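Everything below belongs to final27.pdb, which stores PDB, C-alpha atoms.
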MODEL        1
ATOM      1  CA  ARG A  22     127.850  77.817 152.820
ATOM      2  CA  THR A  23     125.604  74.812 153.038
ATOM      3  CA  ALA A  24     121.860  75.241 152.751
ATOM      4  CA  ALA A  25     119.561  73.572 155.256
ATOM      5  CA  GLN A  26     118.292  70.041 154.711
ATOM      6  CA  PRO A  27     114.838  69.615 153.118
ATOM      7  CA  GLY A  28     112.030  70.575 155.457
ATOM      8  CA  LYS A  29     108.874  68.659 156.285
ATOM      9  CA  ASN A  30     105.386  69.666 157.255
ATOM     10  CA  GLN A  31     105.819  68.298 160.739
ATOM     11  CA  PRO A  32     102.477  67.575 162.422
ATOM     12  CA  THR A  33     101.821  68.295 166.065
ATOM     13  CA  SER A  34     100.571  64.782 166.718
ATOM     14  CA  PRO A  35     100.007  62.687 163.595
ATOM     15  CA  ARG A  36      99.159  59.518 165.516
ATOM     16  CA  ARG A  37      95.940  60.976 166.912
ATOM     17  CA  LEU A  38      92.765  59.723 165.244
ATOM     18  CA  ARG A  39      91.564  63.210 164.445
ATOM     19  CA  TYR A  40      89.811  63.703 161.114
ATOM     20  CA  ASN A  41      88.596  66.574 159.014
ATOM     21  CA  MET A  42      86.005  65.355 156.502
ATOM     22  CA  ALA A  43      86.075  68.478 154.315
ATOM     23  CA  GLN A  44      88.166  68.446 151.120
ATOM     24  CA  VAL A  45      91.190  70.620 151.956
ATOM     25  CA  VAL A  46      93.285  69.833 148.884
ATOM     26  CA  PRO A  47      92.725  72.583 146.275
ATOM     27  CA  VAL A  48      91.559  71.757 142.755
ATOM     28  CA  VAL A  49      93.690  73.413 140.050
ATOM     29  CA  ASP A  50      92.446  73.620 136.461
ATOM     30  CA  LEU A  51      95.492  73.846 134.209
ATOM     31  CA  ARG A  52      93.339  75.513 131.513
ATOM     32  CA  ALA A  53      92.451  78.463 133.751
ATOM     33  CA  ALA A  54      93.756  81.958 133.043
ATOM     34  CA  ASN A  55      95.001  82.385 136.631
ATOM     35  CA  VAL A  56      96.611  78.945 136.850
ATOM     36  CA  ALA A  57     100.018  80.190 138.124
ATOM     37  CA  GLN A  58      98.346  81.971 141.035
ATOM     38  CA  ALA A  59      96.175  78.940 141.819
ATOM     39  CA  TRP A  60      99.195  76.627 141.650
ATOM     40  CA  GLU A  61     101.223  78.821 143.991
ATOM     41  CA  HIS A  62      98.345  78.878 146.483
ATOM     42  CA  ALA A  63      97.923  75.094 146.407
ATOM     43  CA  MET A  64     101.631  74.359 146.789
ATOM     44  CA  ARG A  65     102.110  76.906 149.565
ATOM     45  CA  SER A  66      98.959  76.101 151.545
ATOM     46  CA  ALA A  67      98.708  72.335 151.124
ATOM     47  CA  GLY A  68     101.650  70.918 149.164
ATOM     48  CA  PHE A  69      98.959  68.974 147.297
ATOM     49  CA  ALA A  70      96.619  69.726 144.406
ATOM     50  CA  VAL A  71      93.964  67.858 142.496
ATOM     51  CA  VAL A  72      94.774  68.699 138.879
ATOM     52  CA  ILE A  73      92.235  68.755 136.060
ATOM     53  CA  GLY A  74      92.668  69.820 132.435
ATOM     54  CA  HIS A  75      95.951  67.900 132.275
ATOM     55  CA  ASN A  76      95.767  66.072 128.899
ATOM     56  CA  VAL A  77      96.710  62.655 130.290
ATOM     57  CA  GLU A  78      94.199  60.483 128.452
ATOM     58  CA  ARG A  79      91.702  58.415 130.394
ATOM     59  CA  ASP A  80      92.364  55.500 128.032
ATOM     60  CA  ALA A  81      96.061  55.543 128.896
ATOM     61  CA  ARG A  82      95.293  55.429 132.616
ATOM     62  CA  GLU A  83      92.687  52.682 132.277
ATOM     63  CA  GLU A  84      95.023  50.585 130.131
ATOM     64  CA  MET A  85      97.742  50.953 132.761
ATOM     65  CA  PHE A  86      95.378  49.929 135.560
ATOM     66  CA  ARG A  87      94.240  46.866 133.549
ATOM     67  CA  ALA A  88      97.836  45.805 132.973
ATOM     68  CA  SER A  89      98.628  46.307 136.667
ATOM     69  CA  ARG A  90      95.646  44.194 137.749
ATOM     70  CA  THR A  91      96.666  41.454 135.322
ATOM     71  CA  PHE A  92     100.202  41.315 136.684
ATOM     72  CA  PHE A  93      99.338  41.363 140.385
ATOM     73  CA  LEU A  94      96.194  39.217 140.356
ATOM     74  CA  ASP A  95      96.913  36.669 137.625
ATOM     75  CA  ARG A  96     100.542  35.832 138.394
ATOM     76  CA  SER A  97     101.588  33.627 141.303
ATOM     77  CA  PRO A  98     103.910  35.007 144.011
ATOM     78  CA  SER A  99     106.839  33.001 142.642
ATOM     79  CA  ASP A 100     106.124  34.182 139.101
ATOM     80  CA  LYS A 101     106.047  37.816 140.222
ATOM     81  CA  GLN A 102     109.291  37.336 142.110
ATOM     82  CA  ARG A 103     111.051  36.477 138.821
ATOM     83  CA  PHE A 104     110.880  40.205 138.075
ATOM     84  CA  ASN A 105     112.650  41.280 141.248
ATOM     85  CA  PHE A 106     115.991  42.901 140.375
ATOM     86  CA  GLY A 107     117.004  44.145 143.807
ATOM     87  CA  ALA A 108     115.632  46.130 146.721
ATOM     88  CA  TYR A 109     112.921  48.746 146.217
ATOM     89  CA  GLY A 110     114.473  51.833 144.638
ATOM     90  CA  ALA A 111     116.982  49.985 142.449
ATOM     91  CA  PRO A 112     117.465  51.863 139.140
ATOM     92  CA  THR A 113     116.394  48.843 137.082
ATOM     93  CA  GLY A 114     112.933  48.907 138.654
ATOM     94  CA  GLY A 115     110.945  45.684 138.900
ATOM     95  CA  PHE A 116     108.808  43.871 141.451
ATOM     96  CA  THR A 117     108.931  44.367 145.229
ATOM     97  CA  ALA A 118     106.998  41.957 147.439
ATOM     98  CA  GLN A 119     104.981  42.956 150.478
ATOM     99  CA  GLY A 120     107.129  43.255 153.603
ATOM    100  CA  VAL A 121     110.090  45.072 152.052
ATOM    101  CA  GLU A 122     108.925  48.681 152.385
ATOM    102  CA  ALA A 123     108.287  50.392 155.697
ATOM    103  CA  VAL A 124     107.998  53.973 154.533
ATOM    104  CA  ALA A 125     106.975  55.389 157.916
ATOM    105  CA  ARG A 126     110.554  54.756 159.063
ATOM    106  CA  THR A 127     111.576  57.908 157.173
ATOM    107  CA  PHE A 128     109.335  59.928 159.487
ATOM    108  CA  ASP A 129     108.457  57.838 162.525
ATOM    109  CA  SER A 130     110.423  55.245 164.492
ATOM    110  CA  ALA A 131     112.966  52.932 162.915
ATOM    111  CA  ASP A 132     110.851  49.897 163.802
ATOM    112  CA  SER A 133     107.619  51.004 162.123
ATOM    113  CA  PRO A 134     105.857  47.944 160.648
ATOM    114  CA  ALA A 135     106.156  47.024 156.974
ATOM    115  CA  ASP A 136     103.600  48.477 154.577
ATOM    116  CA  LEU A 137     100.708  46.357 153.305
ATOM    117  CA  VAL A 138     101.644  46.777 149.648
ATOM    118  CA  GLU A 139     103.431  45.112 146.766
ATOM    119  CA  SER A 140     104.649  47.075 143.782
ATOM    120  CA  TYR A 141     106.257  47.068 140.363
ATOM    121  CA  VAL A 142     108.400  50.039 139.359
ATOM    122  CA  LEU A 143     109.035  51.044 135.763
ATOM    123  CA  THR A 144     112.025  53.366 135.321
ATOM    124  CA  LEU A 145     113.644  54.751 132.179
ATOM    125  CA  ALA A 146     116.105  51.854 132.471
ATOM    126  CA  SER A 147     113.166  49.419 132.508
ATOM    127  CA  PHE A 148     112.075  50.572 129.076
ATOM    128  CA  ARG A 149     115.641  50.444 127.731
ATOM    129  CA  ASN A 150     115.848  46.825 128.963
ATOM    130  CA  SER A 151     112.226  45.913 128.314
ATOM    131  CA  ALA A 152     112.932  42.238 127.515
ATOM    132  CA  GLU A 153     113.718  41.656 131.197
ATOM    133  CA  HIS A 154     110.392  43.022 132.416
ATOM    134  CA  ALA A 155     106.809  41.775 132.549
ATOM    135  CA  PRO A 156     105.565  42.181 128.960
ATOM    136  CA  GLU A 157     102.005  43.122 129.943
ATOM    137  CA  LEU A 158     103.370  46.207 131.709
ATOM    138  CA  ILE A 159     105.809  47.564 129.121
ATOM    139  CA  ALA A 160     103.520  48.735 126.304
ATOM    140  CA  ALA A 161     100.937  50.273 128.617
ATOM    141  CA  GLY A 162     103.715  51.704 130.771
ATOM    142  CA  ARG A 163     105.517  53.358 127.884
ATOM    143  CA  LYS A 164     102.333  55.084 126.704
ATOM    144  CA  TYR A 165     101.370  56.250 130.181
ATOM    145  CA  VAL A 166     104.859  57.433 131.145
ATOM    146  CA  ASP A 167     105.143  59.446 127.913
ATOM    147  CA  GLN A 168     101.943  61.305 128.747
ATOM    148  CA  VAL A 169     102.587  61.842 132.454
ATOM    149  CA  SER A 170     106.153  62.994 131.671
ATOM    150  CA  ALA A 171     104.708  65.665 129.391
ATOM    151  CA  LEU A 172     102.501  66.764 132.294
ATOM    152  CA  MET A 173     105.553  66.834 134.578
ATOM    153  CA  HIS A 174     107.338  69.258 132.252
ATOM    154  CA  LYS A 175     104.218  71.418 132.101
ATOM    155  CA  LEU A 176     104.134  71.531 135.908
ATOM    156  CA  HIS A 177     107.834  72.414 135.982
ATOM    157  CA  HIS A 178     107.280  75.391 133.671
ATOM    158  CA  LEU A 179     104.264  76.462 135.708
ATOM    159  CA  SER A 180     106.209  76.110 138.953
ATOM    160  CA  ALA A 181     109.165  78.091 137.641
ATOM    161  CA  ARG A 182     106.822  80.919 136.701
ATOM    162  CA  ALA A 183     105.200  80.830 140.145
ATOM    163  CA  LEU A 184     108.615  80.845 141.853
ATOM    164  CA  GLY A 185     109.834  83.791 139.803
ATOM    165  CA  VAL A 186     112.458  82.124 137.604
ATOM    166  CA  ALA A 187     112.660  81.351 133.877
ATOM    167  CA  ASP A 188     110.137  78.809 132.602
ATOM    168  CA  ASP A 189     112.923  76.400 131.620
ATOM    169  CA  PHE A 190     114.643  76.505 135.040
ATOM    170  CA  PHE A 191     113.988  72.826 135.840
ATOM    171  CA  ASP A 192     114.728  71.490 132.345
ATOM    172  CA  ARG A 193     118.485  71.081 132.854
ATOM    173  CA  PHE A 194     117.907  68.924 135.933
ATOM    174  CA  TYR A 195     115.450  66.645 134.131
ATOM    175  CA  ASP A 196     117.518  65.308 131.246
ATOM    176  CA  GLU A 197     117.561  61.812 129.726
ATOM    177  CA  ASN A 198     119.035  60.493 132.985
ATOM    178  CA  ALA A 199     116.379  61.951 135.291
ATOM    179  CA  SER A 200     115.186  59.755 138.152
ATOM    180  CA  LEU A 201     111.686  59.085 136.819
ATOM    181  CA  ALA A 202     109.734  56.106 138.142
ATOM    182  CA  LEU A 203     106.188  54.882 137.631
ATOM    183  CA  ARG A 204     105.189  52.747 140.603
ATOM    184  CA  LEU A 205     102.338  50.293 140.120
ATOM    185  CA  ALA A 206     101.012  49.802 143.635
ATOM    186  CA  HIS A 207      98.777  46.924 144.695
ATOM    187  CA  TYR A 208      97.311  46.995 148.192
ATOM    188  CA  PRO A 209      95.891  43.476 148.652
ATOM    189  CA  ALA A 210      92.702  42.737 150.534
ATOM    190  CA  ILE A 211      93.562  42.297 154.201
ATOM    191  CA  ASN A 212      92.166  40.597 157.258
ATOM    192  CA  PRO A 213      92.059  43.285 159.996
ATOM    193  CA  SER A 214      92.972  40.673 162.605
ATOM    194  CA  ASP A 215      96.294  40.134 160.823
ATOM    195  CA  VAL A 216      97.272  43.815 160.882
ATOM    196  CA  ALA A 217      99.904  44.863 163.415
ATOM    197  CA  PRO A 218      99.295  47.937 165.615
ATOM    198  CA  GLY A 219      99.905  51.070 163.579
ATOM    199  CA  GLN A 220     100.318  49.129 160.328
ATOM    200  CA  GLN A 221      98.871  50.835 157.241
ATOM    201  CA  ARG A 222      98.659  50.060 153.578
ATOM    202  CA  TYR A 223     101.285  52.806 153.220
ATOM    203  CA  GLY A 224     102.617  54.491 156.321
ATOM    204  CA  SER A 225     102.933  58.193 157.134
ATOM    205  CA  HIS A 226     105.667  59.831 155.062
ATOM    206  CA  VAL A 227     106.591  62.655 152.741
ATOM    207  CA  ASP A 228     107.854  62.009 149.218
ATOM    208  CA  TYR A 229     111.564  62.314 148.599
ATOM    209  CA  GLU A 230     112.209  63.965 145.250
ATOM    210  CA  GLY A 231     110.235  66.191 142.844
ATOM    211  CA  PHE A 232     106.512  66.229 142.178
ATOM    212  CA  THR A 233     104.531  63.012 142.560
ATOM    213  CA  ILE A 234     101.681  62.629 140.067
ATOM    214  CA  LEU A 235      99.144  60.087 141.319
ATOM    215  CA  ALA A 236      96.344  58.335 139.440
ATOM    216  CA  VAL A 237      93.796  56.504 141.594
ATOM    217  CA  GLU A 238      91.389  53.806 140.473
ATOM    218  CA  GLU A 239      88.599  54.785 142.868
ATOM    219  CA  PRO A 240      88.322  58.592 142.678
ATOM    220  CA  GLY A 241      85.637  59.074 145.344
ATOM    221  CA  ASP A 242      87.345  56.968 147.990
ATOM    222  CA  THR A 243      91.086  57.034 147.374
ATOM    223  CA  GLY A 244      92.283  55.776 150.767
ATOM    224  CA  LEU A 245      94.754  58.680 150.722
ATOM    225  CA  GLU A 246      94.948  61.001 153.720
ATOM    226  CA  VAL A 247      97.037  64.149 154.243
ATOM    227  CA  TRP A 248      97.987  65.850 157.504
ATOM    228  CA  LEU A 249      96.885  69.474 157.314
ATOM    229  CA  ASN A 250      95.537  71.948 159.861
ATOM    230  CA  GLY A 251      96.288  69.572 162.732
ATOM    231  CA  ALA A 252      94.179  66.682 161.428
ATOM    232  CA  TRP A 253      94.136  63.815 158.959
ATOM    233  CA  ASN A 254      92.129  64.792 155.877
ATOM    234  CA  LYS A 255      90.627  62.316 153.424
ATOM    235  CA  VAL A 256      91.426  63.150 149.802
ATOM    236  CA  SER A 257      88.887  62.622 147.043
ATOM    237  CA  CYS A 258      89.481  63.108 143.346
ATOM    238  CA  PRO A 259      87.187  63.564 140.324
ATOM    239  CA  ALA A 260      87.219  60.777 137.745
ATOM    240  CA  ASP A 261      89.471  62.697 135.350
ATOM    241  CA  GLY A 262      91.636  64.276 138.039
ATOM    242  CA  LEU A 263      95.198  63.516 139.085
ATOM    243  CA  ILE A 264      96.642  64.198 142.535
ATOM    244  CA  VAL A 265      99.966  66.059 142.582
ATOM    245  CA  ASN A 266     102.119  66.624 145.647
ATOM    246  CA  VAL A 267     105.427  68.210 146.561
ATOM    247  CA  GLY A 268     108.478  66.096 147.315
ATOM    248  CA  GLU A 269     111.349  67.121 149.572
ATOM    249  CA  LEU A 270     113.561  68.387 146.750
ATOM    250  CA  ILE A 271     110.816  70.774 145.609
ATOM    251  CA  THR A 272     110.574  72.041 149.180
ATOM    252  CA  TYR A 273     114.326  72.532 149.105
ATOM    253  CA  TRP A 274     114.355  74.279 145.720
ATOM    254  CA  SER A 275     111.591  76.628 146.898
ATOM    255  CA  GLY A 276     113.474  77.542 150.074
ATOM    256  CA  GLY A 277     110.702  76.028 152.181
ATOM    257  CA  ARG A 278     107.988  78.067 150.483
ATOM    258  CA  TRP A 279     106.267  74.933 149.157
ATOM    259  CA  LYS A 280     105.927  72.150 151.692
ATOM    260  CA  ALA A 281     106.238  68.403 151.416
ATOM    261  CA  THR A 282     103.151  67.312 153.318
ATOM    262  CA  LEU A 283     102.810  64.170 155.430
ATOM    263  CA  HIS A 284     100.421  61.629 153.918
ATOM    264  CA  ARG A 285      99.473  57.963 154.114
ATOM    265  CA  VAL A 286      97.210  55.272 152.611
ATOM    266  CA  VAL A 287      94.876  53.876 155.253
ATOM    267  CA  ASN A 288      93.185  50.488 155.596
ATOM    268  CA  SER A 289      89.710  51.600 154.557
ATOM    269  CA  HIS A 290      87.651  48.888 152.838
ATOM    270  CA  PRO A 291      90.155  46.191 153.790
ATOM    271  CA  GLU A 292      87.987  43.531 152.159
ATOM    272  CA  ARG A 293      88.970  44.643 148.663
ATOM    273  CA  PRO A 294      92.267  45.382 146.955
ATOM    274  CA  ARG A 295      93.325  48.862 145.888
ATOM    275  CA  PHE A 296      95.475  49.903 142.938
ATOM    276  CA  SER A 297      97.203  53.219 142.318
ATOM    277  CA  LEU A 298      99.782  54.715 139.944
ATOM    278  CA  PRO A 299     102.180  57.189 141.568
ATOM    279  CA  PHE A 300     104.715  58.705 139.172
ATOM    280  CA  PHE A 301     107.806  59.978 140.989
ATOM    281  CA  SER A 302     109.689  62.745 139.203
ATOM    282  CA  GLY A 303     113.219  63.086 140.493
ATOM    283  CA  PRO A 304     116.031  65.009 138.778
ATOM    284  CA  ASN A 305     119.257  63.528 137.496
ATOM    285  CA  LEU A 306     120.795  61.858 140.557
ATOM    286  CA  LYS A 307     124.027  63.808 140.029
ATOM    287  CA  ALA A 308     122.197  67.145 140.168
ATOM    288  CA  GLU A 309     123.021  69.596 142.951
ATOM    289  CA  VAL A 310     119.852  71.172 144.291
ATOM    290  CA  VAL A 311     120.266  74.708 145.632
ATOM    291  CA  PRO A 312     117.383  76.853 146.923
ATOM    292  CA  ILE A 313     116.199  79.358 144.334
ATOM    293  CA  GLY A 314     117.510  82.828 145.133
ATOM    294  CA  SER A 315     120.469  81.633 147.215
ATOM    295  CA  PRO A 316     123.615  83.791 147.182
ATOM    296  CA  PRO A 317     126.378  82.707 144.797
ATOM    297  CA  GLY A 318     128.523  79.965 146.299
ATOM    298  CA  THR A 319     125.712  78.410 148.353
ATOM    299  CA  ARG A 320     126.193  74.674 148.462
ATOM    300  CA  GLY A 321     123.161  72.486 148.027
ATOM    301  CA  ILE A 322     122.490  68.771 148.324
ATOM    302  CA  LEU A 323     123.062  66.055 145.759
ATOM    303  CA  ALA A 324     119.786  64.543 144.591
ATOM    304  CA  GLY A 325     121.149  60.990 144.533
ATOM    305  CA  GLU A 326     122.618  61.158 148.028
ATOM    306  CA  HIS A 327     119.341  62.465 149.413
ATOM    307  CA  LEU A 328     117.327  59.713 147.707
ATOM    308  CA  GLN A 329     119.754  57.032 148.907
ATOM    309  CA  ARG A 330     119.432  58.211 152.524
ATOM    310  CA  GLN A 331     115.658  57.960 152.400
ATOM    311  CA  LEU A 332     115.674  54.556 150.708
ATOM    312  CA  ASP A 333     118.092  53.261 153.331
ATOM    313  CA  ARG A 334     115.653  54.328 156.025
ATOM    314  CA  SER A 335     112.483  53.005 154.382
ATOM    315  CA  ASN A 336     113.685  49.627 153.105
ATOM    316  CA  THR A 337     113.905  46.525 155.252
ATOM    317  CA  LYS A 338     116.600  45.489 152.726
ATOM    318  CA  PRO A 339     119.218  47.933 151.352
ATOM    319  CA  ALA A 340     118.953  49.435 147.868
ATOM    320  CA  LYS A 341     121.889  50.731 145.861
ATOM    321  CA  LEU A 342     121.316  53.488 143.306
TER     322      LEU A 342
ENDMDL
END
Can you give me the file's structure in the form of structure tokens?
Amino acid sequence: RTAAQPGKNQPTSPRRLRYNMAQVVPVVDLRAANVAQAWEHAMRSAGFAVVIGHNVERDAREEMFRASRTFFLDRSPSDKQRFNFGAYGAPTGGFTAQGVEAVARTFDSADSPADLVESYVLTLASFRNSAEHAPELIAAGRKYVDQVSALMHKLHHLSARALGVADDFFDRFYDENASLALRLAHYPAINPSDVAPGQQRYGSHVDYEGFTILAVEEPGDTGLEVWLNGAWNKVSCPADGLIVNVGELITYWSGGRWKATLHRVVNSHPERPRFSLPFFSGPNLKAEVVPIGSPPGTRGILAGEHLQRQLDRSNTKPAKL
């Protein structure tokens, strides 16, 4: 038997300019006594949570944001391009210029416009080959990734408990070859007259793999919107909070119980740049993902093949894992 492909929280009409101004993303305090119940509610109802009490130090986040600003704002385009090692999604990580990603193509039409973003990805391979990468990013990146990885494992244990399996269920999928990637995203200031119809800083999409753990530089006005309850909802975040959302493989593991929710980064305050730090937590690319509770013999999907399909759809240039 083959299990169904990962599901999506398909909106009725995501292109409509319909907004809900209330905060619909639950806040989950990881120090609370009822945290497993709160986590289950957030993942089932929204696929997103604002997490507090997470032990990722503010200093580590601020240092990472400073290093990101230095790289993107102080280096010339040609200097940044020296750190390009292939298309976005390549296992070595590195720099991706604006115009390469068009993430809405994984959800919307194949000719969705390119996203208004440039990025630098730090993977586990980046740290093993640190001499090839921008030096201002490595030290800060190593410290931040160590801390956010510890949070990832904590969320895995919490999720396993909420889904009714052993706390260490996810550990075997997240070994030393797990598909972990810290993406330093820079959304440059834009001239609205230069923006194509429907073009966003990051188009409508769902994430592809495990949990995404997002740090934002401007907590009150993140630019992030999620599609819930038939409307686009603006997401705010307290200064010490992190935003966590479900990727498609988590939806698959949970048998559709936890949904990967459509989201985007809009062009609010186009006159100033934005910076964010999404940490993508994918399993070992050779892992077979089977819905929890499936009968023996149920065939799942290979994590690497799923990621490759989505990268092929979202990149204007091919990436090879």
TODO: Would you mind listing what lies within 9 Å of Phe128 of chain A as a PyMOL selection string, with only C-alpha atoms counted and same-chain residues fewer than 3 positions away left out?
DONE: chain A and resi 124-125+131+225-227+283
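Using all atoms listed in the file, the nearest neighbour of Phe232 of chain A within the list A:Glu309, A:Asp261, A:Glu269, A:Glu246 is A:Glu269.
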Correct to one decimal, the distance atom CA of Met85 of chain A-atom CA of Leu172 of chain A is 16.5 Å
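Every residue that the PyMOL selection byres ((chain A and resi 212) around 12) selects in this file is listed here: Leu137, Pro209, Ala210, Ile211, Pro213, Ser214, Asp215, Val216, Ala217, Asn288, Ser289, His290, Pro291, Glu292, Arg293 and Pro294 of chain A.
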For those residues, write C-alpha atoms to a file as a PDB file, in the coordinates of the input.
ATOM      1  CA  LEU A 137     100.708  46.357 153.305  1.00  0.00           C
ATOM      2  CA  PRO A 209      95.891  43.476 148.652  1.00  0.00           C
ATOM      3  CA  ALA A 210      92.702  42.737 150.534  1.00  0.00           C
ATOM      4  CA  ILE A 211      93.562  42.297 154.201  1.00  0.00           C
ATOM      5  CA  PRO A 213      92.059  43.285 159.996  1.00  0.00           C
ATOM      6  CA  SER A 214      92.972  40.673 162.605  1.00  0.00           C
ATOM      7  CA  ASP A 215      96.294  40.134 160.823  1.00  0.00           C
ATOM      8  CA  VAL A 216      97.272  43.815 160.882  1.00  0.00           C
ATOM      9  CA  ALA A 217      99.904  44.863 163.415  1.00  0.00           C
ATOM     10  CA  ASN A 288      93.185  50.488 155.596  1.00  0.00           C
ATOM     11  CA  SER A 289      89.710  51.600 154.557  1.00  0.00           C
ATOM     12  CA  HIS A 290      87.651  48.888 152.838  1.00  0.00           C
ATOM     13  CA  PRO A 291      90.155  46.191 153.790  1.00  0.00           C
ATOM     14  CA  GLU A 292      87.987  43.531 152.159  1.00  0.00           C
ATOM     15  CA  ARG A 293      88.970  44.643 148.663  1.00  0.00           C
ATOM     16  CA  PRO A 294      92.267  45.382 146.955  1.00  0.00           C
TER      17      PRO A 294
END
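Between atom CA of Asn250 of chain A and atom CA of Val45 of chain A lies a distance of 9.1 Å.
Take the candidates A:Met64, A:Leu249, A:Ala199, A:Leu235 and check each one against Lys307 of chain A using all atoms listed in the file; the shortest distance goes to A:Ala199.
Our summary of the geometry notes that atom CA of Ala324 of chain A is positioned 11.7 Å from atom CA of Gly268 of chain A.
Comparing A:Gly120, A:Gly115, A:Pro134, A:Gly231 by their smallest distance to Ser180 of chain A, the closest is A:Gly231 (using only C-alpha atoms).
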In terms of all atoms listed in the file, the residue from A:Gln168, A:Gln329, A:Thr91, A:Ser130 at minimal distance from Phe296 of chain A is A:Thr91
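Matched in the shown structure by the PyMOL selection byres ((chain A and resi 119) around 6): Ala118, Gly120, Val121, Val138 and Glu139 of chain A.
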Report as number ranges by chain the full result of the PyMOL selection byres ((chain A and resi 62) around 12) when it is applied to this structure. A: 46-49, 55-61, 63-70, 180, 183-184, 278-280
Which centre and which edge lengths, in Å to one decimal, describe the axis-aligned box that holds all listed atoms of segment 223-235 of chain A after 3 Å is added on each side, as JSON?
{"center_x": 105.7, "center_y": 59.5, "center_z": 148.6, "size_x": 19.1, "size_y": 19.4, "size_z": 23.1}
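Take the candidates A:Gly314, A:Gly276, A:Gly241, A:Pro304 and check each one against Gln44 of chain A using all atoms listed in the file; the shortest distance goes to A:Gly241.
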**Q.** Contacts of Lys101 of chain A at 7 Å (all atoms listed in the file; same-chain gap of 4+ positions) as a PyMOL selection string
**A.** chain A and resi 96-97+116
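Remark: for Tyr165 of chain A, the closest of the candidate residues A:Ser297, A:Thr282, A:Leu203, A:Val310 is A:Leu203 (distances computed over only C-alpha atoms).
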